[in-house]
Each structure stands twice: as C-alpha cells, then as structure tokens.
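Student: Contents of upload_27.txt (compact mmCIF, C-alpha atoms) are below:
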# COMPACT_ATOMS: atom_id res chain seq x y z
CA MET B 170 0.00 0.00 0.00
CA SER B 171 1.38 3.38 -0.93
CA ASN B 172 1.94 6.08 1.64
CA ASN B 173 -0.72 8.27 0.13
CA THR B 174 -3.43 5.69 0.55
CA THR B 175 -2.27 5.06 4.10
CA ASN B 176 -2.56 8.74 4.98
CA GLU B 177 -5.90 9.08 3.33
CA ARG B 178 -7.24 6.10 5.26
CA SER B 179 -5.91 7.19 8.63
CA ARG B 180 -7.44 10.62 8.11
CA ARG B 181 -10.84 9.04 8.04
CA TYR B 182 -10.66 8.34 11.76
CA LEU B 183 -11.07 11.20 14.19
CA ASN B 184 -8.00 12.64 15.82
CA PRO B 185 -7.81 10.55 19.03
CA TYR B 186 -7.56 13.54 21.35
CA LEU B 187 -10.57 15.16 19.70
CA GLY B 188 -12.38 11.81 19.92
CA GLY B 189 -11.50 11.68 23.62
CA VAL B 190 -12.87 15.16 24.30
CA LEU B 191 -16.08 14.26 22.46
CA LEU B 192 -16.35 10.98 24.39
CA GLY B 193 -15.88 12.95 27.62
CA LEU B 194 -18.64 15.36 26.62
CA VAL B 195 -20.99 12.44 25.91
CA LEU B 196 -20.14 10.95 29.31
CA LEU B 197 -20.69 14.36 30.90
CA ALA B 198 -24.07 14.64 29.18
CA ALA B 199 -25.05 11.19 30.47
CA ASN B 200 -24.17 12.24 34.02
CA PHE B 201 -25.93 15.59 33.66
CA VAL B 202 -29.12 14.03 32.30
CA SER B 203 -29.42 10.77 34.23
CA GLY B 204 -27.02 11.20 37.13
CA ARG B 205 -25.09 8.14 35.94
CA GLY B 206 -22.41 7.43 33.38
CA LEU B 207 -22.38 5.30 30.24
CA GLY B 208 -22.43 1.51 30.06
CA ALA B 209 -22.60 -1.48 27.78
CA SER B 210 -22.60 -4.76 29.70
CA GLY B 211 -25.55 -3.55 31.80
CA ALA B 212 -27.74 -3.73 28.71
CA VAL B 213 -26.65 -7.33 28.08
CA LYS B 214 -27.50 -8.11 31.70
CA SER B 215 -30.99 -6.63 31.21
CA VAL B 216 -31.61 -8.85 28.19
CA VAL B 217 -30.35 -11.89 30.07
CA ALA B 218 -32.56 -11.10 33.06
CA THR B 219 -35.56 -10.62 30.78
CA THR B 220 -35.12 -13.97 29.09
CA ILE B 221 -34.59 -15.78 32.39
CA GLU B 222 -37.78 -14.22 33.71
CA ALA B 223 -39.66 -15.14 30.54
CA VAL B 224 -38.69 -18.79 30.95
CA ASP B 225 -39.23 -18.93 34.71
CA ARG B 226 -41.69 -16.42 36.17
CA ASN B 227 -40.58 -17.22 39.70
CA ALA B 228 -36.90 -16.72 38.97
CA SER B 229 -36.76 -13.43 40.85
CA GLU B 230 -37.64 -15.32 44.03
CA THR B 231 -35.86 -18.59 43.47
CA MET B 232 -32.70 -17.63 41.61
CA PRO B 233 -30.08 -15.73 43.65
CA PHE B 234 -28.76 -13.79 40.64
CA MET B 235 -32.25 -12.59 39.76
CA LYS B 236 -32.91 -11.71 43.38
CA GLU B 237 -29.79 -9.59 43.41
CA TYR B 238 -30.81 -8.04 40.09
CA ALA B 239 -34.31 -7.21 41.28
CA GLY B 240 -32.82 -5.60 44.38
CA SER B 241 -30.90 -3.07 42.33
CA HIS B 242 -33.35 -2.57 39.44
CA SER B 243 -37.00 -1.64 39.56
CA GLY B 244 -39.62 -2.29 36.91
CA SER B 245 -39.18 -4.27 33.73
CA PRO B 246 -35.52 -5.07 32.99
CA MET B 247 -35.86 -3.89 29.38
CA LYS B 248 -37.10 -0.50 30.50
CA SER B 249 -33.65 0.50 31.56
CA TRP B 250 -31.51 3.51 30.70
CA LEU B 251 -28.66 1.36 29.44
CA VAL B 252 -30.86 -0.67 27.11
CA PHE B 253 -32.02 2.52 25.36
CA GLN B 254 -28.48 3.87 25.36
CA MET B 255 -27.09 0.67 23.81
CA LEU B 256 -29.76 0.74 21.07
CA GLY B 257 -28.45 4.23 20.35
CA VAL B 258 -24.86 2.96 20.26
CA ILE B 259 -25.76 0.46 17.55
CA VAL B 260 -27.48 3.21 15.52
CA GLY B 261 -24.65 5.71 16.10
CA GLY B 262 -21.94 3.20 15.24
CA PHE B 263 -23.78 2.22 12.09
CA LEU B 264 -24.28 5.84 11.00
CA SER B 265 -20.64 6.72 11.58
CA GLY B 266 -19.52 3.66 9.64
CA ALA B 267 -21.95 4.49 6.83
CA VAL B 268 -20.75 8.08 6.53
CA ALA B 269 -17.08 7.01 6.52
CA GLY B 270 -17.69 4.17 4.06
CA ARG B 271 -16.72 1.44 6.52
CA LEU B 272 -19.83 -0.74 6.30
CA LYS B 273 -18.63 -4.15 5.27
CA LEU B 274 -19.44 -7.67 6.36
CA LYS B 275 -16.07 -9.19 7.23
CA VAL B 276 -13.96 -10.97 9.80
CA GLU B 277 -11.12 -8.64 10.70
CA HIS B 278 -7.93 -10.45 11.58
CA SER B 279 -4.18 -10.32 11.23
CA PRO B 280 -3.02 -11.85 7.93
CA LYS B 281 -1.01 -14.34 9.99
CA ILE B 282 -4.07 -16.10 11.40
CA THR B 283 -7.19 -17.63 9.88
CA SER B 284 -10.72 -16.25 10.18
CA ARG B 285 -11.64 -19.37 12.09
CA ARG B 286 -8.95 -18.79 14.70
CA ARG B 287 -9.99 -15.13 15.00
CA LEU B 288 -13.62 -16.08 15.58
CA ILE B 289 -12.77 -18.73 18.18
CA PHE B 290 -10.75 -16.17 20.12
CA ALA B 291 -13.47 -13.53 19.68
CA LEU B 292 -16.01 -15.93 21.19
CA ALA B 293 -13.72 -16.89 24.07
CA GLY B 294 -12.88 -13.25 24.72
CA GLY B 295 -16.55 -12.31 24.69
CA ILE B 296 -17.43 -15.05 27.17
CA LEU B 297 -14.66 -13.95 29.55
CA PHE B 298 -15.57 -10.28 29.18
CA GLY B 299 -19.24 -10.98 29.77
CA PHE B 300 -18.49 -13.01 32.87
CA GLY B 301 -15.89 -10.54 34.18
CA SER B 302 -18.19 -7.57 33.67
CA GLN B 303 -20.74 -9.14 36.00
CA LEU B 304 -18.16 -9.92 38.64
CA GLY B 305 -16.63 -6.45 38.30
CA ARG B 306 -20.01 -4.66 38.29
CA GLY B 307 -19.50 -3.13 34.87
CA CYS B 308 -17.16 -3.23 31.91
CA THR B 309 -14.70 -0.80 30.38
CA SER B 310 -17.54 1.69 29.85
CA GLY B 311 -19.62 1.38 32.98
CA SER B 312 -16.95 0.63 35.52
CA ALA B 313 -13.60 1.88 34.20
CA LEU B 314 -14.49 4.92 32.06
CA SER B 315 -17.59 6.13 33.87
CA GLY B 316 -16.05 5.28 37.24
CA MET B 317 -12.93 7.28 36.45
CA GLY B 318 -15.05 10.20 35.25
CA VAL B 319 -16.56 10.49 38.73
CA LEU B 320 -13.25 9.59 40.45
CA SER B 321 -14.61 6.31 41.84
CA LEU B 322 -11.89 4.25 43.53
CA GLY B 323 -13.47 1.07 42.16
CA GLY B 324 -13.38 2.53 38.64
CA PHE B 325 -9.64 3.15 38.85
CA VAL B 326 -9.00 -0.30 40.34
CA THR B 327 -11.00 -2.06 37.63
CA MET B 328 -9.33 0.01 34.89
CA MET B 329 -5.88 -0.95 36.16
CA ALA B 330 -6.88 -4.62 36.50
CA ILE B 331 -8.28 -4.76 32.94
CA PHE B 332 -5.39 -3.03 31.21
CA GLY B 333 -2.72 -4.50 33.49
CA THR B 334 -3.91 -8.06 32.79
CA ALA B 335 -4.19 -7.47 29.05
CA PHE B 336 -0.65 -6.06 28.98
CA ALA B 337 0.64 -8.96 31.07
CA LEU B 338 -0.94 -11.53 28.73
CA ALA B 339 -0.15 -9.68 25.48
CA TYR B 340 3.00 -11.71 24.89
CA PHE B 341 1.11 -15.01 24.87
CA PHE B 342 -1.46 -13.85 22.33
CA ARG B 343 0.90 -11.84 20.14
CA ARG B 344 0.46 -14.12 17.13
CA ASN B 345 -3.19 -13.07 16.93
CA TRP B 346 -2.34 -9.40 16.57
CA ILE B 347 1.20 -8.75 15.32
CA MET F 168 -30.30 22.08 38.32
CA GLY F 169 -28.50 18.96 37.16
CA PRO F 170 -28.57 16.02 37.16
CA LEU F 171 -31.92 16.35 35.43
CA ALA F 172 -33.62 13.01 36.04
CA PRO F 173 -32.72 12.57 39.76
CA ASN F 174 -33.89 16.16 40.36
CA GLY F 175 -37.22 15.43 38.72
CA ILE F 176 -36.69 18.09 36.04
CA ILE F 177 -37.36 15.58 33.27
CA SER F 178 -39.70 12.59 33.34
CA GLU F 179 -38.57 8.99 33.27
CA ASN F 180 -39.64 8.61 29.65
CA THR F 181 -37.78 11.74 28.57
CA ASN F 182 -34.75 10.34 30.35
CA PHE F 183 -35.04 7.13 28.29
CA LEU F 184 -35.44 9.10 25.07
CA LEU F 185 -32.31 11.12 25.88
CA ALA F 186 -30.53 7.84 26.69
CA PHE F 187 -31.14 6.79 23.11
CA PHE F 188 -29.71 10.03 21.72
CA ILE F 189 -26.75 9.96 24.09
CA GLY F 190 -26.19 6.37 22.93
CA ILE F 191 -26.14 7.50 19.30
CA ALA F 192 -23.46 10.06 20.15
CA PHE F 193 -21.54 7.43 22.14
CA GLY F 194 -21.64 4.93 19.27
CA TRP F 195 -20.71 7.62 16.76
CA VAL F 196 -17.67 8.75 18.75
CA LEU F 197 -16.49 5.18 19.38
CA GLU F 198 -16.82 4.16 15.75
CA SER F 199 -15.31 7.31 14.28
CA SER F 200 -12.35 7.02 16.66
CA GLY F 201 -11.65 3.57 15.24
CA PHE F 202 -13.05 1.53 18.15
CA SER F 203 -14.99 -0.69 15.75
CA SER F 204 -11.69 -2.32 14.76
CA SER F 205 -10.26 -4.99 17.05
CA ARG F 206 -6.83 -4.62 15.49
CA LYS F 207 -6.77 -0.91 16.31
CA LEU F 208 -7.97 -1.60 19.86
CA ALA F 209 -5.43 -4.35 20.49
CA GLY F 210 -2.66 -2.05 19.24
CA ILE F 211 -2.33 -0.47 22.67
CA PHE F 212 -0.98 -3.75 24.06
CA TYR F 213 1.80 -3.92 21.47
CA GLY F 214 2.46 -0.19 21.06
CA TYR F 215 1.61 0.01 17.35
CA ASP F 216 -1.66 1.89 17.87
CA THR F 217 -2.40 3.72 21.11
CA VAL F 218 -5.77 5.22 20.18
CA VAL F 219 -7.42 3.43 23.13
CA LEU F 220 -5.20 5.09 25.70
CA LYS F 221 -5.57 8.54 24.18
CA VAL F 222 -9.34 8.46 23.73
CA PHE F 223 -10.00 6.72 27.05
CA PHE F 224 -7.95 9.03 29.25
CA THR F 225 -8.91 12.22 27.40
CA GLY F 226 -12.54 11.16 27.79
CA ALA F 227 -12.34 10.40 31.51
CA ILE F 228 -10.47 13.65 32.18
CA THR F 229 -12.90 15.74 30.11
CA CYS F 230 -15.86 14.34 32.05
CA MET F 231 -14.11 14.78 35.39
CA LEU F 232 -13.22 18.42 34.65
CA GLY F 233 -16.69 19.08 33.27
CA LEU F 234 -18.34 17.78 36.44
CA LEU F 235 -15.96 19.71 38.71
CA PHE F 236 -16.58 22.99 36.86
CA MET F 237 -20.33 22.45 36.58
CA SER F 238 -20.43 21.77 40.30
CA LEU F 239 -18.41 24.94 40.91
CA PHE F 240 -20.92 26.98 38.91
CA GLY F 241 -23.82 25.30 40.71
CA TRP F 242 -25.09 23.60 37.55
CA VAL F 243 -24.89 20.09 38.89
CA ASP F 244 -25.22 18.61 42.35
CA LEU F 245 -22.37 16.15 42.69
CA ASP F 246 -24.11 14.47 45.63
CA LEU F 247 -26.74 13.21 43.20
CA ILE F 248 -24.21 11.82 40.73
CA TYR F 249 -23.78 8.08 41.02
CA VAL F 250 -20.33 7.05 42.17
CA ASN F 251 -19.65 3.38 41.46
CA PRO F 252 -19.40 1.39 44.68
CA THR F 253 -16.11 -0.28 45.44
CA TYR F 254 -16.07 -3.98 46.19
CA LEU F 255 -12.32 -4.40 46.12
CA THR F 256 -12.04 -8.16 45.57
CA SER F 257 -14.51 -8.39 42.70
CA ALA F 258 -13.26 -5.14 41.15
CA ILE F 259 -9.81 -6.72 40.84
CA ILE F 260 -10.79 -10.28 39.89
CA GLY F 261 -13.52 -9.09 37.51
CA GLY F 262 -10.99 -6.73 35.93
CA VAL F 263 -8.46 -9.54 35.52
CA VAL F 264 -11.04 -11.76 33.79
CA MET F 265 -12.06 -8.83 31.56
CA GLY F 266 -8.42 -8.08 30.73
CA ALA F 267 -7.94 -11.68 29.55
CA GLY F 268 -11.10 -11.33 27.47
CA PHE F 269 -9.79 -8.08 26.01
CA ILE F 270 -6.48 -9.46 24.75
CA MET F 271 -8.11 -12.62 23.41
CA GLY F 272 -11.19 -11.05 21.87
CA GLY F 273 -9.83 -7.65 20.89
CA PHE F 274 -12.99 -5.87 21.95
CA CYS F 275 -14.74 -4.71 25.06
CA PRO F 276 -18.55 -4.84 25.25
CA GLY F 277 -19.29 -1.31 23.96
CA THR F 278 -16.80 -1.52 21.12
CA SER F 279 -17.95 -5.00 20.07
CA PHE F 280 -21.48 -3.64 19.51
CA CYS F 281 -19.94 -0.85 17.39
CA GLY F 282 -17.93 -3.34 15.37
CA ALA F 283 -20.99 -5.54 14.90
CA ALA F 284 -23.00 -2.49 13.81
CA ILE F 285 -20.70 -1.89 10.83
CA GLY F 286 -20.55 -5.55 9.84
CA LYS F 287 -17.55 -6.97 11.71
CA ILE F 288 -18.37 -10.65 12.11
CA ASP F 289 -15.73 -10.98 14.85
CA GLY F 290 -17.64 -8.23 16.69
CA MET F 291 -20.91 -10.14 16.36
CA VAL F 292 -19.29 -13.33 17.65
CA PHE F 293 -17.82 -11.39 20.58
CA VAL F 294 -21.32 -10.07 21.39
CA ALA F 295 -22.64 -13.63 21.33
CA GLY F 296 -19.83 -14.51 23.74
CA LEU F 297 -20.90 -11.68 26.05
CA PHE F 298 -24.36 -13.17 26.35
CA ILE F 299 -22.94 -16.62 27.07
CA GLY F 300 -20.65 -15.11 29.71
CA VAL F 301 -23.45 -13.21 31.43
CA TYR F 302 -25.74 -16.28 31.39
CA GLY F 303 -22.84 -18.26 32.78
CA PHE F 304 -22.45 -15.83 35.63
CA ALA F 305 -26.19 -15.71 36.26
CA PHE F 306 -26.50 -19.49 36.62
CA THR F 307 -23.36 -19.94 38.70
CA TYR F 308 -23.87 -16.83 40.84
CA PRO F 309 -24.11 -18.69 44.18
CA LEU F 310 -20.54 -19.92 43.59
CA TRP F 311 -19.22 -16.36 43.35
CA GLU F 312 -21.59 -14.54 45.66
CA LYS F 313 -19.16 -14.42 48.56
CA MET F 314 -16.37 -13.07 46.37
CA TYR F 315 -18.81 -10.67 44.68
CA MET F 316 -19.70 -9.08 48.01
CA ALA F 317 -16.25 -9.21 49.63
CA ARG F 318 -14.33 -6.18 50.85
CA TYR F 319 -17.04 -3.59 50.34
CA LEU F 320 -15.58 -0.13 50.88
CA GLY F 321 -18.66 2.00 50.19
CA GLU F 322 -18.50 4.57 47.42
CA PRO F 323 -15.15 6.21 48.02
CA LYS F 324 -13.57 8.61 45.60
CA VAL F 325 -9.95 7.95 44.82
CA SER F 326 -9.14 11.53 45.84
CA GLU F 327 -10.66 10.95 49.31
CA LYS F 328 -8.64 7.77 49.73
CA LEU F 329 -5.46 9.65 48.88
CA GLY F 330 -6.44 12.48 51.21
CA MET F 331 -6.44 15.22 48.59
CA SER F 332 -9.02 17.48 46.99
CA ASP F 333 -10.78 16.43 43.77
CA GLY F 334 -9.11 19.34 41.99
CA LEU F 335 -5.58 18.42 43.03
CA PHE F 336 -6.13 14.78 42.08
CA GLY F 337 -7.54 15.93 38.75
CA LEU F 338 -4.42 18.02 38.10
CA LEU F 339 -2.15 15.06 38.92
CA LEU F 340 -4.23 12.81 36.65
CA ILE F 341 -3.84 15.28 33.78
CA ILE F 342 -0.07 15.44 34.30
CA ALA F 343 0.10 11.62 34.38
CA ALA F 344 -2.01 11.42 31.21
CA ILE F 345 0.25 13.86 29.37
CA GLY F 346 3.21 11.68 30.37
CA MET F 347 1.44 8.57 29.05
CA PHE F 348 0.50 10.36 25.82
CA ALA F 349 4.17 11.24 25.27
CA VAL F 350 5.12 7.57 25.70
CA ALA F 351 2.25 6.59 23.39
CA GLU F 352 3.40 8.95 20.62
CA TRP F 353 6.92 7.57 20.96
CA ALA F 354 5.67 3.97 20.78
CA GLU F 355 3.64 4.64 17.63
CA ARG F 356 6.76 5.98 15.91
CA LYS F 357 8.79 2.98 17.06
CA PHE F 358 6.38 0.14 16.20
CA PRO F 359 5.12 -0.11 12.62
CA ARG F 360 1.43 -0.17 11.95
CA GLU F 361 -0.67 -1.07 8.98
CA GLU F 362 -3.96 0.65 8.35
CA TYR F 363 -7.03 -1.52 8.17
What's the structure tokens form of this structure?
Tutor:
Amino acid sequence: MSNNTTNERSRRYLNPYLGGVLLGLVLLAANFVSGRGLGASGAVKSVVATTIEAVDRNASETMPFMKEYAGSHSGSPMKSWLVFQMLGVIVGGFLSGAVAGRLKLKVEHSPKITSRRRLIFALAGGILFGFGSQLGRGCTSGSALSGMGVLSLGGFVTMMAIFGTAFALAYFFRRNWI
Amino acid sequence: MGPLAPNGIISENTNFLLAFFIGIAFGWVLESSGFSSSRKLAGIFYGYDTVVLKVFFTGAITCMLGLLFMSLFGWVDLDLIYVNPTYLTSAIIGGVVMGAGFIMGGFCPGTSFCGAAIGKIDGMVFVAGLFIGVYGFAFTYPLWEKMYMARYLGEPKVSEKLGMSDGLFGLLLIIAAIGMFAVAEWAERKFPREEY
C-alpha cells in the first residue's frame, strides 16, 4: 500500500484527542441528564434477566442472581436507561460507519491467522468479558471509564486490572495481533 | 439544576429518550475514533496503535473536569451523581477476567457492539460470547456470591482515599495522562502499523 493511501485512510478516523474530548462530553451529558455514566454490559444483563424471567416467572424469588438483580433494578428489565443507550450505540456506530464508508461484512484479523482462529478467540474473549463484567459490576464503559469520570476508587482499580492483565498476557497472544 | 432526572426536572420517559440520543453520540464517537476495529484496539498492548489510551484518558479527564466545573458553577449537584461502589475483591478479579477477554477477543462490550453495527463478524461473535458469559455468571452466581460481596468499601472517591481534593487529584491525573500520551506517541513511531 502506498503512503498516500495510508494517509488518506488514517485521516478518516477522528484525531484521538478530539475523539476523547467528544467521548468525555458524551459521558458528561449522560451524568448531567441521568445522574449516571455510560455503560454497555448492563444492557446485556438486562436482556439476560428478561429472558430468564420469561422462561421462569418465579426466577426473581428462586434464583439468587435474579434476586440480586431485582434488588438493584425496579420495573421491567428492558425498560432501563442502558438498554435505550445501547440501542443508540448500535445506531450511532452504524451511522458513523456508513458516513465514513466502513460498512462491510467481514472478519477482521491479522493476515497471519485464519478467520476461524480469529472467531474462536473472539467468542472466548466475549465469554470472559461478559463473565468478568458481571463480577466487576461493569465493563470498560460502565466501571472503568464512567467510574474514572466520577473519580470512583473502584473505577480506577477495575481500569488498572483490565489493562494491566491485558498487557501482562499480550506476549502469549501476540500471534493473533502482530 | 443537574442532574436532570434525579432532580425530577425531566420525566422517566424523557430520560429514556435522551438515553437513546446519548447512545447515538456514544456509538458515533467510538466508531469514528476507530473503536470498531479490534486490530486498532489491540494495538495499545503492542504499542503500534495507542488510540485506546488517548481516547480513554482524554474522555475520563474531560468528564471529570466538566463535572468539577459544573459543580463549581452550581449547575450540577455532585451528591446526586452516582459514584460506582467499590467492592475491592470483585473489582480486581472481575478486571483480571475482563483483561484476559480483552487481549483474546480484541474488543470490550461497547466496542464490540460498534464493530458488529458496521458488519464486523468478529464483533458479532464477541457479542454472542458476552451473552454466554453473562448467562454463565447468572446461573453460577451462588458460587461467586461471597467473592462478589467481599471487601465492600462503600463509594469512596480515589481523591478521598489519597487524602487530597478532587481538583488536586484531577491536576495530577492530567499530568500523568500527558506523560502517558508522550510515551504513546513515541511507541507509535517505534512500532510499525498497517492501516485496516
């Protein structure tokens, strides 16, 4: 690939510092409007809770996880701030990709690995992230980013644990990425 | 004045509607910063692309400063802003599990939805994994409950724990971030990167 094409392509992404300021303003808006930050895994949790309840109406009394969930959420699980916010994320991500000409059905992976290997690792990574986000009471968005935005000690701890672990393990998974 | 919903200035339904619009802005910023690409995201762990570090820290600092100034001007009541509770054990162990998921999967939950939204099949598979992981936690919760609730510290701010004002901590965080950005710029020059 020629240098020109490379520059043209990289220009299509926002300057990262500008992107950061915009992200901060979105996070600030979330706090100003709802009194809470952004999130992603919380919406997944709402869907999971909804389906469990649909299968077993008594789950909120018999299943400890659902009991804990009901204790911290009122009303229908789908009527939650994060569910509406995540629907917006899908729309916003799609619109940005459409405007920049990045809509394309593909498996993105390093040329050194196969699509199959990439997808197996994506699935395993998703499972771990989903599980960890429940244990850690939120993911990179809800716990680390939003927590740091309000100076929460837990937010800083989770951020350091996520990035520290990923750095520590990077060597073992290097073939997937470099 | 703010926050609007806890102060009863807007109704619950308006709050949900605004959540949708805030989500659109969130998704837009993530995608246009390159967070829909797992190879860009993973770059931070090898030094070839540090967009995650730059966007993440600039974002957290912008929000922090915004809240501090808005509180100073009386536009927002910080006592009504949710501060994530700290359960030390699960914050660390959950973070470690998430970190392993990050380096293996190349996404975090928010970014995987963005990737899926523009057609990344690896993003869609990661999202499917998220659901499996959350179901897994839900059905095995009694095994982890003790760990999940261990070492509850309340809702402390990191500035309180360090015995300094929010403003001073904010200043130190900005200085630390500038230092990290300098290292990040150096790393990007040192390690080659392809564009995807």
Student: Near range 348-352 of chain F, within 10 Å and counting all atoms listed in the file, which residues show up once chain neighbours fewer than 2 positions away are dropped, as a ChimeraX atom specification?
Tutor: /B:186 /F:211,214-218,220-221,224-225,342-346,354-357
Student: Kindly indicate which residue among B:Val319, B:Cys308, B:Leu314, B:Val260 lies nearest to Glu322 in chain F, using all atoms listed in the file for the distances.
Tutor: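 Ranked by minimum distance to Glu322 in chain F, first place goes to B:Val319.
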Student: Kindly indicate which residue among F:Leu339, F:Ala258, F:Ala317, F:Leu239 lies nearest to chain B, using only C-alpha atoms for the distances.
Tutor: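 Ranking F:Leu339, F:Ala258, F:Ala317, F:Leu239 by distance to chain B, first place goes to F:Ala258.
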Student: So how far away is CA of Ile260 in chain F from CA of Gly303 in chain F, in Å?
Tutor: 16.1 Å
Student: Taking only C-alpha atoms into account, name the residue in F:Ser257, F:Asn174, F:Lys207, F:Met168 that is nearest to chain B.
Tutor: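 Checking each of F:Ser257, F:Asn174, F:Lys207, F:Met168 against chain B, counting only C-alpha atoms, the winner is F:Ser257.
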Student: Leaving out Met232 in chain B and any residue of its chain fewer than 5 positions from it, which residues lie within 9 Å of it when counting all atoms listed in the file, given as a list of chain:residue names?
Tutor: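 Selected residues are B:Asn227, B:Glu237, F:Ala305, F:Phe306, F:Tyr308.
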Student: May I have the residues from that selection written out with C-alpha atoms, as a PDB file, in the coordinates of the input?
Tutor:
ATOM      1  CA  ASN B 227     -40.580 -17.220  39.700  1.00  0.00           C
ATOM      2  CA  GLU B 237     -29.790  -9.590  43.410  1.00  0.00           C
TER       3      GLU B 237
ATOM      4  CA  ALA F 305     -26.190 -15.710  36.260  1.00  0.00           C
ATOM      5  CA  PHE F 306     -26.500 -19.490  36.620  1.00  0.00           C
ATOM      6  CA  TYR F 308     -23.870 -16.830  40.840  1.00  0.00           C
TER       7      TYR F 308
END
Student: Tell me which of B:Ile221, B:Val216, B:Ala337, B:Leu197 sits closest to chain F, counting all atoms listed in the file.
Tutor: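 Closest to chain F, using all atoms listed in the file: B:Leu197.
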Student: Extract, using all atoms listed in the file, all DNA, RNA and protein residues at most 8 Å from Leu196 in chain B, discarding same-chain residues fewer than 5 positions from it, and format them as a list in words.
Tutor: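 Neighbouring residues, sequence-local ones excluded: Gly206, Leu207, Ser315 and Gly318 of chain B; Gly226 and Cys230 of chain F.
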Student: Using C-alpha atoms, can you write the selected residues to a file as a compact mmCIF listing (two decimals), in the coordinates of the input?
Tutor:
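As written to disk, again-v5.txt reads:
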# COMPACT_ATOMS: atom_id res chain seq x y z
CA GLY B 206 -22.41 7.43 33.38
CA LEU B 207 -22.38 5.30 30.24
CA SER B 315 -17.59 6.13 33.87
CA GLY B 318 -15.05 10.20 35.25
CA GLY F 226 -12.54 11.16 27.79
CA CYS F 230 -15.86 14.34 32.05
Student: Would you please work out which residue, of B:Val202, B:Leu191, B:Leu274, B:Ala212, is nearest to Gly299 in chain B when using only C-alpha atoms?
Tutor: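 Going through B:Val202, B:Leu191, B:Leu274, B:Ala212 one by one, the smallest distance to Gly299 in chain B is for B:Ala212.
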Student: Considering only C-alpha atoms, return as a PyMOL selection string whatever protein or nucleic-acid residues lie within 7 Å of range 280-282 of chain F, sequence-local ones (same chain, fewer than 6 positions apart) excluded.
Tutor: (chain B and resi 258-259+262) or (chain F and resi 194+198+203-204+290+294)
Student: Since the input is missing atoms, can you rebuild N, CA and C atoms for range 260-282 of chain F and write them as a PDB file, in the coordinates of the input?
Tutor:
ATOM      1  N   ILE F 260     -10.677  -8.991  40.595  1.00  0.00           N
ATOM      2  CA  ILE F 260     -10.790 -10.280  39.890  1.00  0.00           C
ATOM      3  C   ILE F 260     -11.619 -10.122  38.621  1.00  0.00           C
ATOM      4  N   GLY F 261     -12.728  -9.352  38.714  1.00  0.00           N
ATOM      5  CA  GLY F 261     -13.520  -9.090  37.510  1.00  0.00           C
ATOM      6  C   GLY F 261     -12.674  -8.402  36.453  1.00  0.00           C
ATOM      7  N   GLY F 262     -11.860  -7.437  36.870  1.00  0.00           N
ATOM      8  CA  GLY F 262     -10.990  -6.730  35.930  1.00  0.00           C
ATOM      9  C   GLY F 262      -9.975  -7.653  35.282  1.00  0.00           C
ATOM     10  N   VAL F 263      -9.437  -8.591  36.066  1.00  0.00           N
ATOM     11  CA  VAL F 263      -8.460  -9.540  35.520  1.00  0.00           C
ATOM     12  C   VAL F 263      -9.115 -10.426  34.455  1.00  0.00           C
ATOM     13  N   VAL F 264     -10.319 -10.915  34.754  1.00  0.00           N
ATOM     14  CA  VAL F 264     -11.040 -11.760  33.790  1.00  0.00           C
ATOM     15  C   VAL F 264     -11.342 -10.940  32.518  1.00  0.00           C
ATOM     16  N   MET F 265     -11.763  -9.684  32.715  1.00  0.00           N
ATOM     17  CA  MET F 265     -12.060  -8.830  31.560  1.00  0.00           C
ATOM     18  C   MET F 265     -10.794  -8.553  30.747  1.00  0.00           C
ATOM     19  N   GLY F 266      -9.670  -8.349  31.436  1.00  0.00           N
ATOM     20  CA  GLY F 266      -8.420  -8.080  30.730  1.00  0.00           C
ATOM     21  C   GLY F 266      -8.022  -9.255  29.841  1.00  0.00           C
ATOM     22  N   ALA F 267      -8.223 -10.483  30.357  1.00  0.00           N
ATOM     23  CA  ALA F 267      -7.940 -11.680  29.550  1.00  0.00           C
ATOM     24  C   ALA F 267      -8.874 -11.723  28.346  1.00  0.00           C
ATOM     25  N   GLY F 268     -10.142 -11.368  28.577  1.00  0.00           N
ATOM     26  CA  GLY F 268     -11.100 -11.330  27.470  1.00  0.00           C
ATOM     27  C   GLY F 268     -10.715 -10.293  26.429  1.00  0.00           C
ATOM     28  N   PHE F 269     -10.178  -9.181  26.895  1.00  0.00           N
ATOM     29  CA  PHE F 269      -9.790  -8.080  26.010  1.00  0.00           C
ATOM     30  C   PHE F 269      -8.670  -8.519  25.058  1.00  0.00           C
ATOM     31  N   ILE F 270      -7.620  -9.118  25.603  1.00  0.00           N
ATOM     32  CA  ILE F 270      -6.480  -9.460  24.750  1.00  0.00           C
ATOM     33  C   ILE F 270      -6.811 -10.639  23.837  1.00  0.00           C
ATOM     34  N   MET F 271      -7.721 -11.502  24.266  1.00  0.00           N
ATOM     35  CA  MET F 271      -8.110 -12.620  23.410  1.00  0.00           C
ATOM     36  C   MET F 271      -9.122 -12.176  22.347  1.00  0.00           C
ATOM     37  N   GLY F 272     -10.113 -11.401  22.778  1.00  0.00           N
ATOM     38  CA  GLY F 272     -11.190 -11.050  21.870  1.00  0.00           C
ATOM     39  C   GLY F 272     -10.981  -9.765  21.091  1.00  0.00           C
ATOM     40  N   GLY F 273     -10.122  -8.892  21.598  1.00  0.00           N
ATOM     41  CA  GLY F 273      -9.830  -7.650  20.890  1.00  0.00           C
ATOM     42  C   GLY F 273     -10.893  -6.580  21.000  1.00  0.00           C
ATOM     43  N   PHE F 274     -11.938  -6.858  21.745  1.00  0.00           N
ATOM     44  CA  PHE F 274     -12.990  -5.870  21.950  1.00  0.00           C
ATOM     45  C   PHE F 274     -13.299  -5.774  23.432  1.00  0.00           C
ATOM     46  N   CYS F 275     -14.030  -4.708  23.795  1.00  0.00           N
ATOM     47  CA  CYS F 275     -14.740  -4.710  25.060  1.00  0.00           C
ATOM     48  C   CYS F 275     -16.218  -4.627  24.689  1.00  0.00           C
ATOM     49  N   PRO F 276     -17.137  -4.747  25.643  1.00  0.00           N
ATOM     50  CA  PRO F 276     -18.550  -4.840  25.250  1.00  0.00           C
ATOM     51  C   PRO F 276     -19.032  -3.693  24.347  1.00  0.00           C
ATOM     52  N   GLY F 277     -18.802  -2.437  24.757  1.00  0.00           N
ATOM     53  CA  GLY F 277     -19.290  -1.310  23.960  1.00  0.00           C
ATOM     54  C   GLY F 277     -18.729  -1.306  22.556  1.00  0.00           C
ATOM     55  N   THR F 278     -17.429  -1.572  22.436  1.00  0.00           N
ATOM     56  CA  THR F 278     -16.800  -1.520  21.120  1.00  0.00           C
ATOM     57  C   THR F 278     -17.225  -2.705  20.251  1.00  0.00           C
ATOM     58  N   SER F 279     -17.540  -3.845  20.872  1.00  0.00           N
ATOM     59  CA  SER F 279     -17.950  -5.000  20.070  1.00  0.00           C
ATOM     60  C   SER F 279     -19.305  -4.719  19.404  1.00  0.00           C
ATOM     61  N   PHE F 280     -20.200  -4.020  20.121  1.00  0.00           N
ATOM     62  CA  PHE F 280     -21.480  -3.640  19.510  1.00  0.00           C
ATOM     63  C   PHE F 280     -21.242  -2.695  18.334  1.00  0.00           C
ATOM     64  N   CYS F 281     -20.266  -1.772  18.483  1.00  0.00           N
ATOM     65  CA  CYS F 281     -19.940  -0.850  17.390  1.00  0.00           C
ATOM     66  C   CYS F 281     -19.394  -1.604  16.192  1.00  0.00           C
ATOM     67  N   GLY F 282     -18.484  -2.549  16.461  1.00  0.00           N
ATOM     68  CA  GLY F 282     -17.930  -3.340  15.370  1.00  0.00           C
ATOM     69  C   GLY F 282     -19.021  -4.135  14.674  1.00  0.00           C
TER      70      GLY F 282
END
